[in-house]
Amino acid sequence: MDVSQYLEIFLDETNEHLQNLNTQILELEQDPENADTVNEIFRAAHSLKGMAGTMGYKRMQNLTHDMENVFSEVRNGNIKVQPEMVDVLFQCLDALQEYTDNIKNTADEGTNDNEPLIRQLNDILNNKGMGGSSDAPKTETKAEEAPTAGGSASGDAPWYDINYDESQISVLQEAVKQGKKVYGINVVVNSACVLKAARAFLVVKAVEEKGELIVSNPNSQDLEDEKFENDFTLIVLSEEPLENLIAACESVSEIDSAKGEELDVNRLHTAEEESSENAPAETAAEQAPAASAAPAKNVPAAAPAGGAAPAKAADKKGKVAVKQTVRVDIEKLDSLMNLVSELITAKNSLVAASSASEGNNSSFNEQIEYLESVTSNLHESVMKVRMVPIESTVSKFPRMIRDLQKQLGKKLEFYMSGEETELDRTVVDQIGDPIMHLLRNSADHGIESAEIRAQRGKPEAGSIFLDAYQDGNNVIIEVRDDGNGIDIEAVRAKGIEKGVVTPEQAAALSDKEVINLLFNAGFSTAKKVTDVSGRGVGLDVVKSMIESLSGEVDVKSELGVGSTWTIRLPLTLAIIQALMVVVGGEKYAISLGSIQTIETIDKSDIKLVQNEEVINLRGTVIPLIRLNEVIETESHPIDENSLIVVIIKKGDKMAGLVIDELIGQQEIVIKPLGKYVKHVKFITGATILGDGEVALIFDANTLL
Amino acid sequence: MDQLSVNNNLNLPENGDETKIVDVTFQYIVIRLGDEQYGIDISYVNNIVRMQRITRVPKVAAYLKGVINLRGEVLPVVSLRLKMGLAEDVFDKATRIIILKTENEGQIGILVDEVKEVVTLSEKSIEKVSHDSKNEKANFLSGVGKNNGELISILDLNMITLEDN
């Protein structure tokens with residue numbers, strides 16, 4: 001079977017399952033008795049095994065199979081969760097991740113059999129205190145199944161459970177009179193099979209070559225839609241012996257067993273006749289033979305088949321709560337987004353045209369207003385489609401902290417909040433590494449050793465917090481620790497030692513500026529280099545990665561108390577609210593996000609400090625930047641005696657941009673200027689105005 | 001643009017023996033800059049648009065006149081005159097912006113005084129020019145073609161994407 005087309009889905013889903021397993025096993029470690037968690041783990045491991053099997057990744061399948069066995073024992077209460085076992089399980093997950101990465105890179109799982117891990121898993125299975133072999137629990141699983149199976153009198157002959165309609169019975173009776181044989185065949189599909197419907201179809205096709213299919217349970221539509229558990233029943237008219245039919249069924253791959261018998265047509269009943277029986281018991285009865293039929297035929301397959309049935313049932317229950325989703329190629333979303341941008345531009349030009357036209361056509365204006373609200377709703381919806389919770393990225397961190405704890409020999413407590421905070425998909429994909437680095441940084445450099453913590457009267461376990469929340473048009477992600485904080489003087493000394501600053505410069509730097517030295521390339525204050533951090537390629541990479549996402553990173557720290565790293569990211573990248581201004585007869589846009597206020601200043605209020613123009617705005621001294629000088633053009637102010645100043649702010653820094661004229665606020669679509677126009681630091685892009693004209697967008701951050 | 005991209009026709013002589021002459025022809029758009037005519041390989045041309053408002057970009061080389069809006073895309077516009085060291089453009093009714101597609105820089109518009117015609121030149125009729133440091137203009141040319149007795153200088157389009165020294 002050519003599975004390459006499913007590779008992407010396989011990788012996607014495998015990663016999801018692995019992530020889920022990581023999270024759940026962590027939870028299990030905290031709360032070993034939680035049955036829900038165990039079930040969830042079992043289900044994820046089971047799906048993983050099934051998928052790996054279908055894709056033909058045998059090693060991956062073997063490993064998950066053994067893991068699944070362990071989980072199955074845990075679920076049955078035969079094994080207690082112990083820290084050593086959790087360690088082994090985590091190692092297994094790492095091994096699985098390795099397989100997945102190999103598959104991602106080479107479409108092959110690699111050659112590592114991970115035998116030591118499999119041995120350890122088997123040891124866990126064997127040493128569960130009962131002294132029995134790993135087969136013992138399997139029989140127990142079966143025993144558990146048995147009562148369900150026994151619940152129905154006709155458990156072994158599902159063909160008598162089907163509700164036939166009268167015409168079907170008469171066809172069968174007629175056929176019997178003509179000397180044909182009526183067979184009931186129950187086919188059990190391997191529980192790991194992913195394309196059950198396809199298998200069912202092949203079985204039906206094989207059967208129809210040898211006879212006439214009269215009835216199937218579930219019906220053919222449901223078979224096609226995969227609306228069945230692991231088995232289905234066929235009623236066939238044929239002149240051939242039963243063995244031939246059975247053989248035909250079993251020749252289809254991934255069919256665990258097929259068994260059947262010649263039917264007594266008189267025992268078949270219609271729905272009315274059946275109503276006396278307990279209807280809800282039917283599904284249980286149908287499922288039961290699936291479980292009991294398998295061991296009869298094929299003993300080694302018993303455990304997975306038996307174990308699968310309840311898991312599937314649980315799956316069904318779980319599905320009710322799960323929202324329906326569609327996987328969409330991000331490129332399709334991008335093109336949708338581009339179309340929305342076009343629409344907004346077109347809408348803007350309509351607005352411009354309507355305000356320019358003299359005649360006041362009120363119904364026209366109304367329609368335009370309506371169009372405006374529709375386009376902005378559309379934009380919002382498309383943006384929302386692109387938004388995903390950061391959970392997918394941050395959920396791997398608890399596991400990472402757990403590992404760090406062992407590596408560093410420090411006790412760490414990790415608290416996370418705001419996993420549901422949503423960000424643009426592209427941002428979420430790229431924000432993981434910077435956050436990971438900051439967390440490692442906190443664990444390694446931030447949290448002190450146990451002795452120092454004791455001296456300082458802090459609890460032995462260091463706390464690391466990861467908080468995410470939305471703040472206006474930004475999303476804030478904070479990494480906080482109650483560790484040592486940043487030693488300003490150590491950084492200053494290091495800066496001189498590394499040659500980043502001269503001693504004279506260093507002496508003049510404010511604390512804040514010293515901290516900013518940390519973001520310099522090749523700067524690491526770790527006393528010793530560990531494999532956790534301290535390779536000196538850290539914080540500058542963090543900074544540039546975040547800046548490439550149009551975000552910023554900031555740090556506040558108090559020596560001996562702890563540090564807080566704050567990442568600020570814009571919610572959307574492509575469409576922003578902007579203030580349109582005129583400078584020297586040219587239109588420019590300034591992102592509204594960085595604007596504090598707009599002031600009209602009297603020329604006489606401008607003061608000179610060190611030959612730089614500043615204004616005193618309600619007690620704050622703010623430097624002035626004459627935009628016309630920045631863009632090398634003449635200023636044409638409307639009023640010679642006053643200035644229009646746009647106050648912008650980034651972090652603690654503020655500046656006043658002197659402009660000629662205000663146009664107003666507008667939603668603009670950011671377009672790249674193209675590679676050909678480079679080296680213009682203070683321009684982030686361009687936008688197309690309502691009249692088709694291009695206006696450039698100022699990057700307020702680089703002006704500061 | 002699709003019909004334009006079919007251009008480098010191999011014109012095999014009809015009854016001739018295949019090994020004899022294989023004549024390759026190229027199509028060129030003939031443009032005017034001042035009094036001189038230049039040819040631009042049509043396979044690089046995506047579009048020709050009328051002069052429109054160009055938004056100046058501050059702090060860039062003088063020959064980069066600014067950016068325009070071409071159906072929702074923002075494209076840079078280069079003055080061929082300034083790039084070649086000629087006098088500043090004077091815009092009139094005949095002025096056109098030729099949109100070129102480049103391999104690495106995306107689409108770029110170039111300003112020309114006038115677009116005259118499309119000619120087909122055979123490879124044989126194009127003489128290569130050697131780049132000569134004394135003759136600055138020659139550095140912008142990849143060859144000179146003859147068309148009905150007229151000489152057409154073929155522009156070397158790489159120079160547009162090269163930075164000025």
# chains A, B, ... in the order shown; residues from 1 in each chain; ligands from 1
call {"tool": "residues_around", "arguments": {"residues": "Ser125 (chain B)", "least_positions_apart": "5", "cutoff": "10 Å", "atoms": "only C-alpha atoms", "output": "list in words"}}
result
Thr25, Gly143, Val144, Gly145, Lys146 and Asn147 of chain B
call {"tool": "write_last_selection", "arguments": {"atoms": "C-alpha atoms", "output": "short mmCIF file (atom, residue, chain, number, x, y, z; two decimals), in the first residue's frame"}}
result
data_model
loop_
_atom_site.label_atom_id
_atom_site.label_comp_id
_atom_site.auth_asym_id
_atom_site.auth_seq_id
_atom_site.Cartn_x
_atom_site.Cartn_y
_atom_site.Cartn_z
CA THR B 25 15.69 34.01 -32.68
CA GLY B 143 25.04 43.16 -27.45
CA VAL B 144 24.02 45.14 -30.49
CA GLY B 145 21.45 43.80 -32.92
CA LYS B 146 20.66 44.83 -36.50
CA ASN B 147 17.07 45.16 -37.53
#
call {"tool": "interface_residues", "arguments": {"of": "chain B", "to": "chain A", "cutoff": "8 Å", "atoms": "only C-alpha atoms", "output": "tab-separated table (two decimals) with C-alpha atoms, in the first residue's frame"}}
result
chain	number	residue	atom	x	y	z
B	53	ARG	CA	2.08	58.10	-9.22
B	54	ILE	CA	5.30	56.89	-7.67
B	55	THR	CA	5.71	57.02	-3.92
B	57	VAL	CA	11.16	56.04	-0.62
B	58	PRO	CA	13.52	58.05	1.54
B	59	LYS	CA	17.22	57.32	1.95
B	60	VAL	CA	17.70	55.13	-1.10
B	67	VAL	CA	7.32	52.27	-5.26
B	68	ILE	CA	4.07	51.85	-7.16
B	69	ASN	CA	0.92	49.84	-6.68
B	72	GLY	CA	-2.34	45.33	-5.01
B	73	GLU	CA	1.34	44.56	-5.05
B	74	VAL	CA	3.94	47.13	-4.10
B	75	LEU	CA	6.82	47.20	-6.60
B	76	PRO	CA	9.98	49.26	-6.77
B	105	GLU	CA	14.38	40.31	-6.44
B	106	GLY	CA	10.82	39.73	-7.51
B	108	ILE	CA	10.83	45.50	-10.65
B	161	THR	CA	19.69	44.56	-10.03
call {"tool": "residues_around", "arguments": {"residues": "region 351-365 of chain A", "least_positions_apart": "4", "cutoff": "8 Å", "atoms": "only C-alpha atoms", "output": "number ranges by chain"}}
result
A: 347, 369, 690-691
call {"tool": "write_last_selection", "arguments": {"atoms": "N, CA and C atoms", "output": "mmCIF file, in the first residue's frame"}}
result
data_model
loop_
_atom_site.group_PDB
_atom_site.id
_atom_site.type_symbol
_atom_site.label_atom_id
_atom_site.label_comp_id
_atom_site.auth_asym_id
_atom_site.auth_seq_id
_atom_site.Cartn_x
_atom_site.Cartn_y
_atom_site.Cartn_z
ATOM 1 N N LYS A 347 -12.517 48.205 -0.325
ATOM 2 C CA LYS A 347 -13.500 48.882 0.508
ATOM 3 C C LYS A 347 -13.028 50.290 0.838
ATOM 4 N N GLU A 369 -21.348 51.615 4.587
ATOM 5 C CA GLU A 369 -21.143 51.320 6.003
ATOM 6 C C GLU A 369 -21.358 49.841 6.269
ATOM 7 N N GLY A 690 -6.845 53.971 -0.135
ATOM 8 C CA GLY A 690 -8.106 53.838 -0.848
ATOM 9 C C GLY A 690 -8.043 54.281 -2.295
ATOM 10 N N ASP A 691 -7.254 55.313 -2.580
ATOM 11 C CA ASP A 691 -7.197 55.820 -3.945
ATOM 12 C C ASP A 691 -6.127 55.101 -4.771
#
call {"tool": "residues_around", "arguments": {"residues": "Ile48 (chain B)", "least_positions_apart": "4", "cutoff": "9 Å", "atoms": "only C-alpha atoms", "output": "PyMOL selection string"}}
result
chain B and resi 96-100+109+115
call {"tool": "write_last_selection", "arguments": {"atoms": "N, CA and C atoms", "output": "compact mmCIF listing (two decimals), in the first residue's frame"}}
result
# COMPACT_ATOMS: atom_id res chain seq x y z
N ARG B 96 6.48 55.16 -19.97
CA ARG B 96 5.92 53.86 -19.56
C ARG B 96 6.76 53.25 -18.46
N ILE B 97 6.12 52.38 -17.70
CA ILE B 97 6.87 51.59 -16.72
C ILE B 97 6.83 50.14 -17.21
N ILE B 98 7.99 49.58 -17.46
CA ILE B 98 8.05 48.18 -17.89
C ILE B 98 8.30 47.33 -16.65
N ILE B 99 7.38 46.38 -16.42
CA ILE B 99 7.53 45.52 -15.24
C ILE B 99 8.33 44.29 -15.64
N LEU B 100 9.50 44.15 -15.02
CA LEU B 100 10.36 43.01 -15.30
C LEU B 100 10.24 42.00 -14.18
N GLY B 109 9.92 47.53 -11.63
CA GLY B 109 9.50 48.37 -12.74
C GLY B 109 10.67 49.22 -13.20
N VAL B 115 7.77 53.21 -25.40
CA VAL B 115 7.87 51.84 -25.89
C VAL B 115 7.49 51.88 -27.36
call {"tool": "select_by_dssp", "arguments": {"residues": "region 10-160 of chain B", "states": "strand (DSSP E or B)", "output": "PDB file with C-alpha atoms, in the first residue's frame"}}
result
ATOM      1  CA  LEU B  10      13.930  27.372 -32.742  1.00  0.00           C
ATOM      2  CA  ASN B  11      13.364  28.066 -36.419  1.00  0.00           C
ATOM      3  CA  ASP B  23      18.872  29.692 -36.305  1.00  0.00           C
ATOM      4  CA  VAL B  24      17.747  30.852 -32.851  1.00  0.00           C
ATOM      5  CA  THR B  25      15.686  34.007 -32.676  1.00  0.00           C
ATOM      6  CA  PHE B  26      14.850  36.252 -29.752  1.00  0.00           C
ATOM      7  CA  GLN B  27      12.169  38.854 -29.367  1.00  0.00           C
ATOM      8  CA  TYR B  28      12.952  42.273 -28.016  1.00  0.00           C
ATOM      9  CA  ILE B  29      10.859  45.199 -26.918  1.00  0.00           C
ATOM     10  CA  VAL B  30      12.333  48.345 -28.416  1.00  0.00           C
ATOM     11  CA  ILE B  31      12.274  51.306 -26.055  1.00  0.00           C
ATOM     12  CA  ARG B  32      13.485  54.859 -26.366  1.00  0.00           C
ATOM     13  CA  LEU B  33      15.630  56.704 -23.852  1.00  0.00           C
ATOM     14  CA  GLU B  36      18.650  56.251 -28.421  1.00  0.00           C
ATOM     15  CA  GLN B  37      16.855  52.964 -28.853  1.00  0.00           C
ATOM     16  CA  TYR B  38      17.390  49.939 -26.705  1.00  0.00           C
ATOM     17  CA  GLY B  39      16.094  46.397 -26.815  1.00  0.00           C
ATOM     18  CA  ILE B  40      14.822  44.515 -23.786  1.00  0.00           C
ATOM     19  CA  ASP B  41      14.574  40.722 -23.921  1.00  0.00           C
ATOM     20  CA  VAL B  45       8.953  41.453 -19.354  1.00  0.00           C
ATOM     21  CA  ASN B  46       5.841  40.801 -17.348  1.00  0.00           C
ATOM     22  CA  ASN B  47       3.827  43.846 -18.147  1.00  0.00           C
ATOM     23  CA  ILE B  48       3.976  47.384 -19.500  1.00  0.00           C
ATOM     24  CA  VAL B  49       1.967  50.023 -17.663  1.00  0.00           C
ATOM     25  CA  ARG B  50       1.408  53.720 -18.102  1.00  0.00           C
ATOM     26  CA  THR B  55       5.706  57.025  -3.919  1.00  0.00           C
ATOM     27  CA  LEU B  64      15.340  54.036  -7.213  1.00  0.00           C
ATOM     28  CA  LYS B  65      12.460  56.372  -7.889  1.00  0.00           C
ATOM     29  CA  GLY B  66      10.121  54.804  -5.375  1.00  0.00           C
ATOM     30  CA  VAL B  67       7.322  52.274  -5.263  1.00  0.00           C
ATOM     31  CA  ILE B  68       4.069  51.853  -7.157  1.00  0.00           C
ATOM     32  CA  ASN B  69       0.916  49.842  -6.678  1.00  0.00           C
ATOM     33  CA  LEU B  70       0.495  47.228  -9.358  1.00  0.00           C
ATOM     34  CA  GLU B  73       1.342  44.562  -5.048  1.00  0.00           C
ATOM     35  CA  VAL B  74       3.943  47.127  -4.095  1.00  0.00           C
ATOM     36  CA  LEU B  75       6.815  47.199  -6.597  1.00  0.00           C
ATOM     37  CA  PRO B  76       9.980  49.262  -6.768  1.00  0.00           C
ATOM     38  CA  VAL B  77      10.511  51.491  -9.818  1.00  0.00           C
ATOM     39  CA  VAL B  78      13.983  52.178 -11.174  1.00  0.00           C
ATOM     40  CA  SER B  79      14.899  55.048 -13.455  1.00  0.00           C
ATOM     41  CA  ARG B  96       5.922  53.862 -19.563  1.00  0.00           C
ATOM     42  CA  ILE B  97       6.865  51.586 -16.717  1.00  0.00           C
ATOM     43  CA  ILE B  98       8.052  48.184 -17.886  1.00  0.00           C
ATOM     44  CA  ILE B  99       7.530  45.521 -15.239  1.00  0.00           C
ATOM     45  CA  LEU B 100      10.361  43.012 -15.305  1.00  0.00           C
ATOM     46  CA  LYS B 101      10.457  39.755 -13.466  1.00  0.00           C
ATOM     47  CA  THR B 102      13.779  38.964 -11.910  1.00  0.00           C
ATOM     48  CA  GLY B 106      10.816  39.733  -7.510  1.00  0.00           C
ATOM     49  CA  GLN B 107       9.171  42.177  -9.872  1.00  0.00           C
ATOM     50  CA  ILE B 108      10.826  45.501 -10.648  1.00  0.00           C
ATOM     51  CA  GLY B 109       9.502  48.367 -12.740  1.00  0.00           C
ATOM     52  CA  ILE B 110      11.796  50.383 -15.001  1.00  0.00           C
ATOM     53  CA  LEU B 111      10.984  53.815 -16.363  1.00  0.00           C
ATOM     54  CA  VAL B 112      11.415  54.377 -20.096  1.00  0.00           C
ATOM     55  CA  GLU B 114       8.665  55.393 -24.807  1.00  0.00           C
ATOM     56  CA  VAL B 115       7.869  51.844 -25.893  1.00  0.00           C
ATOM     57  CA  LYS B 116       8.144  51.570 -29.667  1.00  0.00           C
ATOM     58  CA  GLU B 117       7.714  48.042 -30.978  1.00  0.00           C
ATOM     59  CA  VAL B 118       8.578  44.386 -30.670  1.00  0.00           C
ATOM     60  CA  VAL B 119      11.252  43.031 -32.996  1.00  0.00           C
ATOM     61  CA  THR B 120      12.522  39.545 -33.673  1.00  0.00           C
ATOM     62  CA  LEU B 121      16.254  39.229 -34.057  1.00  0.00           C
ATOM     63  CA  SER B 122      18.173  36.127 -34.961  1.00  0.00           C
ATOM     64  CA  ILE B 126      23.416  40.165 -32.571  1.00  0.00           C
ATOM     65  CA  GLU B 127      26.992  41.148 -31.947  1.00  0.00           C
ATOM     66  CA  LYS B 128      28.309  40.762 -28.457  1.00  0.00           C
ATOM     67  CA  LEU B 141      24.673  46.388 -22.925  1.00  0.00           C
ATOM     68  CA  SER B 142      24.848  42.718 -23.668  1.00  0.00           C
ATOM     69  CA  GLY B 143      25.040  43.159 -27.450  1.00  0.00           C
ATOM     70  CA  VAL B 144      24.022  45.145 -30.493  1.00  0.00           C
ATOM     71  CA  GLY B 145      21.453  43.795 -32.916  1.00  0.00           C
ATOM     72  CA  LYS B 146      20.662  44.826 -36.498  1.00  0.00           C
ATOM     73  CA  ASN B 147      17.068  45.163 -37.531  1.00  0.00           C
ATOM     74  CA  GLU B 150      18.813  49.982 -37.755  1.00  0.00           C
ATOM     75  CA  LEU B 151      21.043  49.269 -34.787  1.00  0.00           C
ATOM     76  CA  ILE B 152      19.433  48.263 -31.511  1.00  0.00           C
ATOM     77  CA  SER B 153      21.474  48.123 -28.342  1.00  0.00           C
ATOM     78  CA  ILE B 154      20.402  45.156 -26.241  1.00  0.00           C
ATOM     79  CA  LEU B 155      20.224  46.039 -22.538  1.00  0.00           C
TER      80      LEU B 155
END
call {"tool": "atom_distance", "arguments": {"atom1": "CA of Ala700 (chain A)", "atom2": "CA of Leu592 (chain A)"}}
result
9.8 Å
call {"tool": "residues_around", "arguments": {"residues": "Ile601 (chain A)", "least_positions_apart": "2", "cutoff": "9 Å", "atoms": "only C-alpha atoms", "output": "list in words"}}
result
Glu599, Lys603, Ser604, Asp605, Ile606, Ile615, Asn641, Ser642, Leu643, Ile644 and Val645 of chain A
call {"tool": "residues_around", "arguments": {"residues": "region 199-208 of chain A", "least_positions_apart": "3", "cutoff": "8 Å", "atoms": "only C-alpha atoms", "output": "PyMOL selection string"}}
result
chain A and resi 189+195-196+211-213+223-224+236+245+248-249+252-255
call {"tool": "write_last_selection", "arguments": {"atoms": "N, CA and C atoms", "output": "PDB file, in the first residue's frame"}}
result
ATOM      1  N   VAL A 189     -11.960  -7.457  12.101  1.00  0.00           N
ATOM      2  CA  VAL A 189     -10.868  -6.673  11.525  1.00  0.00           C
ATOM      3  C   VAL A 189      -9.853  -6.407  12.616  1.00  0.00           C
ATOM      4  N   LEU A 195      -7.782   1.703   8.036  1.00  0.00           N
ATOM      5  CA  LEU A 195      -8.791   1.853   6.974  1.00  0.00           C
ATOM      6  C   LEU A 195      -9.759   0.681   7.027  1.00  0.00           C
ATOM      7  N   LYS A 196     -10.538   0.634   8.104  1.00  0.00           N
ATOM      8  CA  LYS A 196     -11.439  -0.500   8.291  1.00  0.00           C
ATOM      9  C   LYS A 196     -12.434  -0.598   7.150  1.00  0.00           C
ATOM     10  N   GLY A 211     -20.458 -15.857  -3.943  1.00  0.00           N
ATOM     11  CA  GLY A 211     -21.872 -16.032  -3.638  1.00  0.00           C
ATOM     12  C   GLY A 211     -22.597 -14.710  -3.694  1.00  0.00           C
ATOM     13  N   GLU A 212     -23.776 -14.703  -3.105  1.00  0.00           N
ATOM     14  CA  GLU A 212     -24.590 -13.503  -3.179  1.00  0.00           C
ATOM     15  C   GLU A 212     -24.748 -12.952  -1.768  1.00  0.00           C
ATOM     16  N   LEU A 213     -24.365 -11.688  -1.585  1.00  0.00           N
ATOM     17  CA  LEU A 213     -24.500 -11.080  -0.260  1.00  0.00           C
ATOM     18  C   LEU A 213     -25.926 -10.601  -0.089  1.00  0.00           C
ATOM     19  N   LEU A 223     -20.948   0.340   6.639  1.00  0.00           N
ATOM     20  CA  LEU A 223     -19.634  -0.277   6.429  1.00  0.00           C
ATOM     21  C   LEU A 223     -18.728   0.695   5.685  1.00  0.00           C
ATOM     22  N   GLU A 224     -19.316   1.307   4.672  1.00  0.00           N
ATOM     23  CA  GLU A 224     -18.556   2.246   3.860  1.00  0.00           C
ATOM     24  C   GLU A 224     -18.096   3.449   4.691  1.00  0.00           C
ATOM     25  N   VAL A 236     -24.700 -14.651   3.528  1.00  0.00           N
ATOM     26  CA  VAL A 236     -24.351 -14.903   2.133  1.00  0.00           C
ATOM     27  C   VAL A 236     -25.081 -16.145   1.616  1.00  0.00           C
ATOM     28  N   LEU A 245     -15.437 -19.655   1.464  1.00  0.00           N
ATOM     29  CA  LEU A 245     -15.825 -18.268   1.779  1.00  0.00           C
ATOM     30  C   LEU A 245     -14.947 -17.709   2.893  1.00  0.00           C
ATOM     31  N   ALA A 248     -11.628 -16.877   1.618  1.00  0.00           N
ATOM     32  CA  ALA A 248     -11.649 -15.647   0.817  1.00  0.00           C
ATOM     33  C   ALA A 248     -11.600 -14.430   1.733  1.00  0.00           C
ATOM     34  N   CYS A 249     -12.360 -14.494   2.823  1.00  0.00           N
ATOM     35  CA  CYS A 249     -12.382 -13.359   3.765  1.00  0.00           C
ATOM     36  C   CYS A 249     -11.011 -13.171   4.392  1.00  0.00           C
ATOM     37  N   VAL A 252      -7.919 -11.323   2.836  1.00  0.00           N
ATOM     38  CA  VAL A 252      -7.781  -9.862   2.881  1.00  0.00           C
ATOM     39  C   VAL A 252      -6.874  -9.511   4.055  1.00  0.00           C
ATOM     40  N   SER A 253      -5.945  -8.592   3.823  1.00  0.00           N
ATOM     41  CA  SER A 253      -4.997  -8.300   4.894  1.00  0.00           C
ATOM     42  C   SER A 253      -5.673  -7.531   6.020  1.00  0.00           C
ATOM     43  N   GLU A 254      -5.074  -7.636   7.172  1.00  0.00           N
ATOM     44  CA  GLU A 254      -5.549  -6.982   8.396  1.00  0.00           C
ATOM     45  C   GLU A 254      -6.893  -7.510   8.861  1.00  0.00           C
ATOM     46  N   ILE A 255      -7.245  -8.704   8.399  1.00  0.00           N
ATOM     47  CA  ILE A 255      -8.433  -9.361   8.951  1.00  0.00           C
ATOM     48  C   ILE A 255      -7.927 -10.375   9.971  1.00  0.00           C
TER      49      ILE A 255
END
call {"tool": "atom_distance", "arguments": {"atom1": "CA of Asn69 (chain A)", "atom2": "CA of Phe10 (chain A)"}}
result
22.3 Å
